[in-house]
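The structure appears below as structure tokens.
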Amino acid sequence: MRPKTKKILFVFTTLVFMFFYIPIIILMAFSFNDSKVGTVWTGFTFKWYGSLFSNEAIINSVTNSLIIAVVTTLIATVFGTLAALAIHRYNFPGKQAINFLFYIPVVIPDIIVAVALLALYGWLDVTLGIATVFPGHVAITISYVMLVVIARMAGLDASLEEAAKDLGANEWQTFWKITFPLIFPGVLAGALLAFTISLDEFVISYFTTGPGSDTLPVLVYSMVRLGVSPEINALSTIMVLLIVIMVFATGRKMSVSK
Amino acid sequence: MKNLLKLMLAVVFFLALVACSSDDAGTTDDTSGSEDTSSEDTGGSEDAGSSEGDTEQELASELNLFNWGEYMPQEVLDNFEEEYGVEVVYSTYSSNQEMLTKLGSGTVNYDIVVPTDYIVGRMIDDDMLLELNMDNIPNFENIQDVFHQRDFDPGNVFSIPYLYGSTGIAYNTSHIDGTPSYADLWNAEYAGHVTVQDDPRESLAMVLQKLDLPMNEPTEEDLEQAKAELAKLHPNVLAYDSSPSAQLISGEAWISHTYSGEAGVAMQENPDISYTLPEEGGELWMDNLVIPNTSENKYTAEVFINYLLEPEVSKQLSDAFPYSNPNQGALDLMTEEERSNPASYPPAEQIANASWFEDLPPETIQLMNRLYKEVKVE
Amino acid sequence: MTSEYMVQLKNITKKFGKDTAVNELNLDVKVGEFLTLLGPSGCGKTTTLRMIAGFEKPTEGEVWIDEKQVAKIEPYKREVNTVFQSYSLFPHMNVFENIAFGLKMKKTGKDEVEERVRNALKLVQLEDYVNRKPKQLSGGQQQRIAIARAIVNNPKVLLLDEPLGALDLKLRKQMQLELKHLQQSLGITFIYVTHDQEEALTMSDRIVVMNEGKIEQVGLPHEIYEKPVSKFVADFIGETNIFECVVSEFKGDYAYLDIKGVTVVTPKNDTLQLDESVYMSIRPEKAKVTLTKTQDTLLSGTFKEKIYVGSITKIIIELPNGREMVVNEVEDDLIGIKSGNEVYVSWQPEDSVVFKG
């Protein structure tokens with residue numbers, strides 16, 4: 001590479017990274033700002049972290065978000081993986097249609113899913129609560145899990161499963177000893193994706209949360225009337241750190257297993 | 001084939017999930033149904049209402065409260081739970097529309113919601129509210145007389161004032177002499193130091209007031225005129241921003257058309273900032289406690305409303321958030337300094353001079369949105 | 001009471017949709033035999049193998065393994081093991097775990113697993129590689145592990161689906177011999193699928209030549225090579241000259257064949273009839289080219305070119321009827337010959353083979 005090209009590329013990359021990370025870094029910095037007004041620095045403090053943990057509304061919504069994300073991830077991962085297996089491995093009438101139906105939630109705007117669910121709940125006389133958030137979250141995340149797992153399976157040599165059966169493994173043993181370990185990175189990636197999508201999801205949650213089941217994004221949005229409070233900055237800082245740790249841990253694990 | 005079966009299982013599971021939650025809904029809905037009829041009775045005849053009220057004098061274990069974000073301090077909820085043994089399930093919304101959508105879908109059973117005043121009128125028209133039994137809310141007398149018997153609910157049958165605020169002018173006294181009016185936003189001396197609310201309704205209402213045109217029932221010509229006037233203001237504007245407190249504190253903005261709450265925040269950080277309702281009037285809004293007909297715990301809701309109206313409790317509300325308190329009892333507990341803060345408590349004559357936001361027909365709102373956008377684009 | 005046959009295919013047909021991959025095939029495989037299914041790609045040989053393994057179910061007909069009809073027996077319960085074309089080693093397991101997989105599925109005791117895996121590795125000469133992952137092995141090593149993984153289970157039949165296809169020529173030759181020796185020392189029945197006729201000839205006890213889902217010929221390697229029963233077999237196995245001809249005359253023990261104006265002679269045979277159209281095949285190495293006419297001369301032609309390929313020289317001759325013929329000479333006597341010179345071709349009539357279609 002020519003030195004000039006190299007230099008331009010370096011500057012460009014730096015700019016892109018700055019564009020990604022400067023807002024996050026600023027947000028983290030302001031979580032230590034003494035002033036309640038976001039953009040004026042008046043001094044260093046930990047008080048927002050203290051008040052964060054005594055703010056029941058925020059803690060409740062974080063708990064709700066985590067419960068919803070974990071349950072959604074479990075359901076979406078199990079069923080997304082099973083669906084991926086079915087689509088990948090078997091031929092059955094209507095396979096194309098079913099495959100297509102699974103992808104629709106990826107392209108349909110969330111708002112339509114949300115409004116449709118709200119209408120459905122209204123029609124079924126369902127009371128909104130935590131349980132009514134899952135179906136929407138599962139519906140959108142299951143497709144992502146499927147996409148990721150199917151991509152992984154496409155790279156999988158079908159004769160490996162035949163080899164296992166040939167060596168005396170039944171369907172169940174073949175799945176757990178061969179298929180699952182080989183698609184596991186895909187399943188894990190799908191699960192992480194589902195978890196982050198669910199944790200982050202706003203539109204569907206906005207329409208389907210009921211009394212006491214606000215998720216974090218919904219709560220944060222309702223707080224904008226007064227400007228986002230520094231407690232949210234503090235919470236964001238904690239979450240960013242947790243996610244960074246999580247990403248590093250899984251990244252390491254994946255590279256080790258390779 | 002085997003996996004087709006699994007797929008079907010997935011679908012069944014999904015439905016079961018829905019059915020599950022619909023089960024508890026089924027039972028609760030039954031009670032709310034009977035509740036509905038009883039409340040209609042209350043509305044129909046006073047006698048039936050009071051007898052119904054007597055049998056209902058028992059606190060529920062839970063109360064579902066649906067309120068704006070950051071609008072009620074946790075200690076207020078905790079104290080109520082401690083005192084009355086009722087658990088308050090607190091959820092928040094970010095706009096009147098969100099609250100209306102959820103209530104309208106029939107999927108939520110909130111006991112108390114807090115709509116802005118012109119929304120209360122709409123909800124009354126749509127039969128979405130239960131009549132209040134004022135016997136259970138004796139503290140209503142603490143509310144200042146000015147805030148009794150509003151146009152949308154004459155006689156306070158459905159709503160109780162919660163907190164209010166205004167839109168007026170925040171200004172930096174080191175740059176601006178005297179008390180500014182809306183007309184001063186157009187003053188060329190302040191070019192580059194003016195901010196205007198970034199909201200079609202708010203900003204056009206301000207211009208209409210400046211032009212002495214009716215802000216709650218403008219004609220199309222009025223609005224076109226307002227648009228032209230707003231366009232003239234454009235060169236002066238530093239930013240269209242509904243939360244200009246940071247610019248006020250830093251001294252960048254000298255004169256801002258903004259919420260009293262925003263001004264209050266800025267005043268705490270920068271002593272040079274002051275707030276006034278302009279001589280043209282300024283705009284007022286009030287949020288109100290109401291009980292939607294989805295409520296299953298009307299009595300408990302009334303007890304809670306009454307609790308909120310206690311002077312000490314009410315004061316906690318306005319201490320925690322920069323809005324104005326309509327509760328005289330709470331005002332009496334405040335220091336003279338708090339009471340005379342112009343952002344929170346403008347003089348009575350200014351309040352009387354200001355206008356309340358009223359409901360507008362959708363066409364007018366659309367027209368305002370379009371005109372406002374045109375000004376910003378130009 | 002054990003039978004003579006280890007695997008029997010009884011009238012099996014396999015259809016994929018409208019395509020018939022295997023068509024009414026009958027085959028008996030003897031105990032301890034090295035049998036090769038040979039044919040071009042798409043001839044149904046791999047499908048046949050997969051039906052024995054149980055990965056495909058015959059549309060019609062029966063598969064018998066060791067005196068038992070196996071239609072209802074799942075692949076994992078059949079006492080056969082397969083060596084796959086792509087090796088199909090489990091990438092997430094090391095060599096030991098790969099080889100031990102089948103034994104563990106059968107709940108074999110730990111000590112026995114250790115011992116049998118070690119023995120299997122010894123057989124394929126890879127004792128030192130127990131802890132390697134498949135990715136860390138060369139192609140030839142992976143192939144050996146795949147074989148070890150199959151034979152460690154002491155299968156009654158070992159199925160091999162073009163196992164050497166991915167190896168380079170030299171390694172392939174070496175592995176062919178190793179496999180043959182392994183089969184002989186273990187005494188296991190091998191059913192081997194390949195499209196490489198040389199490989200088939202080298203290793204097999206018997207060869208089954210398949211074409212378009214049917215068996216063309218079953219026989220010992222030299223039978224297949226020297227007495228092909230059809231044009232397809234003659235053409236597919238090795239190099240040969242095939243002539244379309246008409247039976248023109250019977251004289252003594254010989255039949256005279258007319259190849260469009262050129263007459264050749266071949267041993268008489270009961271099925272031949274006068275004026276019948278048949279094919280005659282003569283292998284290049286069985287014919288001889290001379291510059292002068294001899295008493296054995298059957299044909300004359302024009303010399304076209306010489307191609308030196310090391311061990312032999314190929315001589316291309318154009319016959320008077322325009323056809324070309326190839327003759328292999330071990331020693332090149334035709335020094336100084338030029339294109340266009342007249343030459344004479346001779347062979348022993350007994351070396352020619354005649355078949356109908």
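Letters A, B, ... go to the chains of the structure tokens in the order shown; residues in each chain start at 1; ligands are counted from 1 in the same order.
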
Inset, instruction - Write out as a ChimeraX atom specification all residues of range 25-236 of chain C that DSSP puts in strand (DSSP E) for this structure's backbone. - result: /C:25-30,34-38,60-65,68-69,80-83,157-161,189-194,206-211,214-219

Inset, instruction - Output the contact residues of chain A with respect to chain B at a cut-off of 9 Å, based on only C-alpha atoms, as number ranges by chain. - result: A: 35-40, 55-57, 79, 82-83, 85-87, 90-92, 118-119, 121-129, 131-132, 134-135, 206-214, 218-227

Inset, instruction - Might you pull out every residue within 8 Å of range 190-193 of chain C, with only C-alpha atoms counted and same-chain residues fewer than 4 positions away left off, and present them as number ranges by chain? - result: C: 32-38, 45-46, 49, 157-162, 183

Legend entry - Surrounding residues of Val7 in chain C excluding itself and chain neighbours under 5 positions, 9 Å, only C-alpha atoms, as JSON, numbers by chain: {"C": [27, 28, 29, 30, 31, 52, 63, 64, 65, 66, 67, 157, 189]}

With the cut-off set at 6 Å and counting only C-alpha atoms, tabulate each residue of chain A with an atom at most that distance from an atom of chain C, showing the nearest atom pair and its distance in Å to one decimal, ordered by chain and increasing number, as a Markdown table.
| residue | atom | partner | partner_atom | distance |
| --- | --- | --- | --- | --- |
| A:Leu160 | CA | C:Ser88 | CA | 5.1 |
| A:Lys165 | CA | C:Tyr76 | CA | 4.7 |
| A:Asp166 | CA | C:Tyr76 | CA | 5.1 |
| A:Leu167 | CA | C:Gly102 | CA | 4.5 |
| A:Gly168 | CA | C:Tyr76 | CA | 4.0 |
| A:Ala169 | CA | C:Tyr76 | CA | 5.7 |

Legend entry - range 104-137 of chain C: residues DSSP assigns to helix (DSSP H, G or I), reported as a ChimeraX atom specification: /C:104-105,110-123,127-129,134-136

Inset, instruction - Compare B:Gln316, B:Asn306, B:Asn353, B:Ser340 by their minimum atom-to-atom distance to Asn136 in chain B, counting only C-alpha atoms, and give me the closest one. - result: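 Closest to Asn136 in chain B, using only C-alpha atoms: B:Asn306.
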
Could you pull the residues within 6 Å of range 185-197 of chain B, counting only C-alpha atoms, minus those fewer than 3 positions along the same chain, as a PDB file with N, CA and C atoms, in the first residue's frame?
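Produced file result20.pdb, reproduced below:
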ATOM      1  N   TYR B 182     -43.161  38.716  24.283  1.00  0.00           N
ATOM      2  CA  TYR B 182     -42.906  37.910  23.090  1.00  0.00           C
ATOM      3  C   TYR B 182     -42.350  38.758  21.962  1.00  0.00           C
ATOM      4  N   SER B 203     -44.972  26.862  19.241  1.00  0.00           N
ATOM      5  CA  SER B 203     -44.344  28.037  18.639  1.00  0.00           C
ATOM      6  C   SER B 203     -45.385  28.889  17.907  1.00  0.00           C
ATOM      7  N   LEU B 233     -38.995  35.915  12.327  1.00  0.00           N
ATOM      8  CA  LEU B 233     -38.209  35.678  13.540  1.00  0.00           C
ATOM      9  C   LEU B 233     -36.980  34.807  13.230  1.00  0.00           C
ATOM     10  N   ASN B 236     -33.241  35.585  13.783  1.00  0.00           N
ATOM     11  CA  ASN B 236     -32.813  35.816  15.168  1.00  0.00           C
ATOM     12  C   ASN B 236     -32.517  34.519  15.925  1.00  0.00           C
ATOM     13  N   VAL B 237     -33.037  33.401  15.371  1.00  0.00           N
ATOM     14  CA  VAL B 237     -33.104  32.181  16.188  1.00  0.00           C
ATOM     15  C   VAL B 237     -31.765  31.465  16.279  1.00  0.00           C
ATOM     16  N   LEU B 238     -31.365  31.197  17.508  1.00  0.00           N
ATOM     17  CA  LEU B 238     -30.170  30.376  17.751  1.00  0.00           C
ATOM     18  C   LEU B 238     -30.518  28.913  17.545  1.00  0.00           C
ATOM     19  N   ALA B 239     -31.689  28.509  18.068  1.00  0.00           N
ATOM     20  CA  ALA B 239     -32.092  27.114  17.927  1.00  0.00           C
ATOM     21  C   ALA B 239     -33.581  26.984  18.184  1.00  0.00           C
ATOM     22  N   TYR B 240     -34.202  26.037  17.461  1.00  0.00           N
ATOM     23  CA  TYR B 240     -35.553  25.614  17.824  1.00  0.00           C
ATOM     24  C   TYR B 240     -35.361  24.446  18.772  1.00  0.00           C
ATOM     25  N   ASP B 241     -35.627  24.669  20.028  1.00  0.00           N
ATOM     26  CA  ASP B 241     -35.227  23.681  21.032  1.00  0.00           C
ATOM     27  C   ASP B 241     -36.220  23.722  22.187  1.00  0.00           C
ATOM     28  N   SER B 242     -36.781  22.551  22.505  1.00  0.00           N
ATOM     29  CA  SER B 242     -37.745  22.522  23.598  1.00  0.00           C
ATOM     30  C   SER B 242     -37.096  22.312  24.951  1.00  0.00           C
ATOM     31  N   ALA B 253     -27.850  31.457  25.116  1.00  0.00           N
ATOM     32  CA  ALA B 253     -29.202  31.942  24.833  1.00  0.00           C
ATOM     33  C   ALA B 253     -29.544  33.041  25.828  1.00  0.00           C
ATOM     34  N   TRP B 254     -30.016  34.182  25.311  1.00  0.00           N
ATOM     35  CA  TRP B 254     -30.372  35.302  26.193  1.00  0.00           C
ATOM     36  C   TRP B 254     -31.860  35.324  26.474  1.00  0.00           C
ATOM     37  N   ILE B 255     -32.621  34.910  25.464  1.00  0.00           N
ATOM     38  CA  ILE B 255     -34.063  35.008  25.614  1.00  0.00           C
ATOM     39  C   ILE B 255     -34.683  33.791  24.948  1.00  0.00           C
ATOM     40  N   SER B 256     -35.456  33.037  25.757  1.00  0.00           N
ATOM     41  CA  SER B 256     -35.961  31.756  25.271  1.00  0.00           C
ATOM     42  C   SER B 256     -37.451  31.648  25.489  1.00  0.00           C
ATOM     43  N   HIS B 257     -38.111  31.218  24.425  1.00  0.00           N
ATOM     44  CA  HIS B 257     -39.524  30.863  24.546  1.00  0.00           C
ATOM     45  C   HIS B 257     -39.546  29.415  25.018  1.00  0.00           C
ATOM     46  N   THR B 258     -39.916  29.199  26.297  1.00  0.00           N
ATOM     47  CA  THR B 258     -39.725  27.850  26.832  1.00  0.00           C
ATOM     48  C   THR B 258     -40.682  27.557  27.984  1.00  0.00           C
TER      49      THR B 258
END

Legend entry - Spatial neighbours of Val149 in chain A, max dist 8 Å, only C-alpha atoms, sep filter under 2 positions, as a list in words: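 The filter keeps Gly80, Thr81, Ala84, Val145, Met146, Leu147, Ala151, Arg152, Met153, Ile183, Gly186, Val187 and Gly190 of chain A.
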
Store the residues picked out above in a file with N, CA and C atoms, as a PDB file, in the first residue's frame.
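Okay, this is what ended up in selection_13.pdb:
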ATOM      1  N   GLY A  80     -36.103 -21.107  17.361  1.00  0.00           N
ATOM      2  CA  GLY A  80     -35.404 -20.672  16.152  1.00  0.00           C
ATOM      3  C   GLY A  80     -34.457 -21.757  15.659  1.00  0.00           C
ATOM      4  N   THR A  81     -33.756 -22.409  16.606  1.00  0.00           N
ATOM      5  CA  THR A  81     -32.833 -23.469  16.217  1.00  0.00           C
ATOM      6  C   THR A  81     -33.589 -24.668  15.655  1.00  0.00           C
ATOM      7  N   ALA A  84     -34.767 -23.811  12.269  1.00  0.00           N
ATOM      8  CA  ALA A  84     -33.645 -23.813  11.328  1.00  0.00           C
ATOM      9  C   ALA A  84     -33.298 -25.246  10.935  1.00  0.00           C
ATOM     10  N   VAL A 145     -32.521 -15.541  15.053  1.00  0.00           N
ATOM     11  CA  VAL A 145     -31.850 -16.769  15.476  1.00  0.00           C
ATOM     12  C   VAL A 145     -31.822 -17.741  14.292  1.00  0.00           C
ATOM     13  N   MET A 146     -32.961 -17.861  13.611  1.00  0.00           N
ATOM     14  CA  MET A 146     -33.034 -18.787  12.484  1.00  0.00           C
ATOM     15  C   MET A 146     -32.031 -18.430  11.404  1.00  0.00           C
ATOM     16  N   LEU A 147     -31.998 -17.147  11.076  1.00  0.00           N
ATOM     17  CA  LEU A 147     -31.078 -16.711  10.029  1.00  0.00           C
ATOM     18  C   LEU A 147     -29.640 -17.092  10.368  1.00  0.00           C
ATOM     19  N   ALA A 151     -27.405 -20.051   8.551  1.00  0.00           N
ATOM     20  CA  ALA A 151     -26.134 -19.706   7.914  1.00  0.00           C
ATOM     21  C   ALA A 151     -25.038 -20.650   8.386  1.00  0.00           C
ATOM     22  N   ARG A 152     -25.071 -20.955   9.675  1.00  0.00           N
ATOM     23  CA  ARG A 152     -24.073 -21.861  10.230  1.00  0.00           C
ATOM     24  C   ARG A 152     -24.244 -23.267   9.651  1.00  0.00           C
ATOM     25  N   MET A 153     -25.499 -23.686   9.527  1.00  0.00           N
ATOM     26  CA  MET A 153     -25.754 -25.040   9.045  1.00  0.00           C
ATOM     27  C   MET A 153     -25.360 -25.200   7.581  1.00  0.00           C
ATOM     28  N   ILE A 183     -23.092 -26.611  15.399  1.00  0.00           N
ATOM     29  CA  ILE A 183     -23.826 -25.373  15.139  1.00  0.00           C
ATOM     30  C   ILE A 183     -23.830 -24.458  16.356  1.00  0.00           C
ATOM     31  N   GLY A 186     -23.181 -20.781  16.100  1.00  0.00           N
ATOM     32  CA  GLY A 186     -24.307 -20.092  15.484  1.00  0.00           C
ATOM     33  C   GLY A 186     -25.442 -19.886  16.458  1.00  0.00           C
ATOM     34  N   VAL A 187     -25.718 -20.924  17.256  1.00  0.00           N
ATOM     35  CA  VAL A 187     -26.801 -20.820  18.235  1.00  0.00           C
ATOM     36  C   VAL A 187     -26.461 -19.741  19.264  1.00  0.00           C
ATOM     37  N   GLY A 190     -26.818 -16.398  17.705  1.00  0.00           N
ATOM     38  CA  GLY A 190     -28.241 -16.102  17.583  1.00  0.00           C
ATOM     39  C   GLY A 190     -28.838 -15.695  18.913  1.00  0.00           C
TER      40      GLY A 190
END

Inset, instruction - Could you jot down the CA of Phe53 in chain A to CA of Ile67 in chain A separation for me, Å, one decimal place? - result: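 Computed distance, CA of Phe53 in chain A to CA of Ile67 in chain A, equals 17.9 Å.
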
Need the shell around Asp287 in chain B: protein/DNA/RNA residues with any atom at most 9 Å away, counting only C-alpha atoms. Skip same-chain ones fewer than 3 positions apart. Format as a PDB file with N, CA and C atoms, in the first residue's frame?
ATOM      1  N   VAL B 114     -53.066  10.405  34.219  1.00  0.00           N
ATOM      2  CA  VAL B 114     -52.866  11.832  34.459  1.00  0.00           C
ATOM      3  C   VAL B 114     -52.826  12.615  33.147  1.00  0.00           C
ATOM      4  N   PRO B 115     -53.967  12.771  32.480  1.00  0.00           N
ATOM      5  CA  PRO B 115     -53.970  13.464  31.197  1.00  0.00           C
ATOM      6  C   PRO B 115     -53.876  14.981  31.340  1.00  0.00           C
ATOM      7  N   THR B 116     -53.405  15.611  30.296  1.00  0.00           N
ATOM      8  CA  THR B 116     -53.387  17.072  30.223  1.00  0.00           C
ATOM      9  C   THR B 116     -54.825  17.556  29.996  1.00  0.00           C
ATOM     10  N   ASP B 117     -55.118  18.819  30.398  1.00  0.00           N
ATOM     11  CA  ASP B 117     -56.529  19.209  30.523  1.00  0.00           C
ATOM     12  C   ASP B 117     -57.399  19.026  29.290  1.00  0.00           C
ATOM     13  N   VAL B 120     -58.527  15.617  28.965  1.00  0.00           N
ATOM     14  CA  VAL B 120     -59.592  15.228  29.899  1.00  0.00           C
ATOM     15  C   VAL B 120     -60.940  15.439  29.226  1.00  0.00           C
ATOM     16  N   ILE B 160     -59.168  15.999  38.946  1.00  0.00           N
ATOM     17  CA  ILE B 160     -58.580  16.777  40.032  1.00  0.00           C
ATOM     18  C   ILE B 160     -57.237  17.304  39.538  1.00  0.00           C
ATOM     19  N   PRO B 161     -56.950  18.613  39.676  1.00  0.00           N
ATOM     20  CA  PRO B 161     -55.657  19.140  39.221  1.00  0.00           C
ATOM     21  C   PRO B 161     -54.483  18.457  39.930  1.00  0.00           C
ATOM     22  N   TYR B 162     -53.421  18.210  39.148  1.00  0.00           N
ATOM     23  CA  TYR B 162     -52.229  17.563  39.712  1.00  0.00           C
ATOM     24  C   TYR B 162     -51.097  18.575  39.818  1.00  0.00           C
ATOM     25  N   LEU B 163     -50.445  18.889  38.724  1.00  0.00           N
ATOM     26  CA  LEU B 163     -49.420  19.926  38.719  1.00  0.00           C
ATOM     27  C   LEU B 163     -49.630  20.737  37.452  1.00  0.00           C
ATOM     28  N   TYR B 164     -49.156  21.953  37.445  1.00  0.00           N
ATOM     29  CA  TYR B 164     -49.309  22.738  36.224  1.00  0.00           C
ATOM     30  C   TYR B 164     -48.015  23.460  35.902  1.00  0.00           C
ATOM     31  N   GLY B 165     -48.047  24.064  34.735  1.00  0.00           N
ATOM     32  CA  GLY B 165     -46.872  24.816  34.333  1.00  0.00           C
ATOM     33  C   GLY B 165     -47.275  25.761  33.232  1.00  0.00           C
TER      34      GLY B 165
END

Inset, instruction - Quote the spacing between CA of Leu216 in chain A and CA of Ser61 in chain A in Å to one decimal place. - result: 4.8 Å
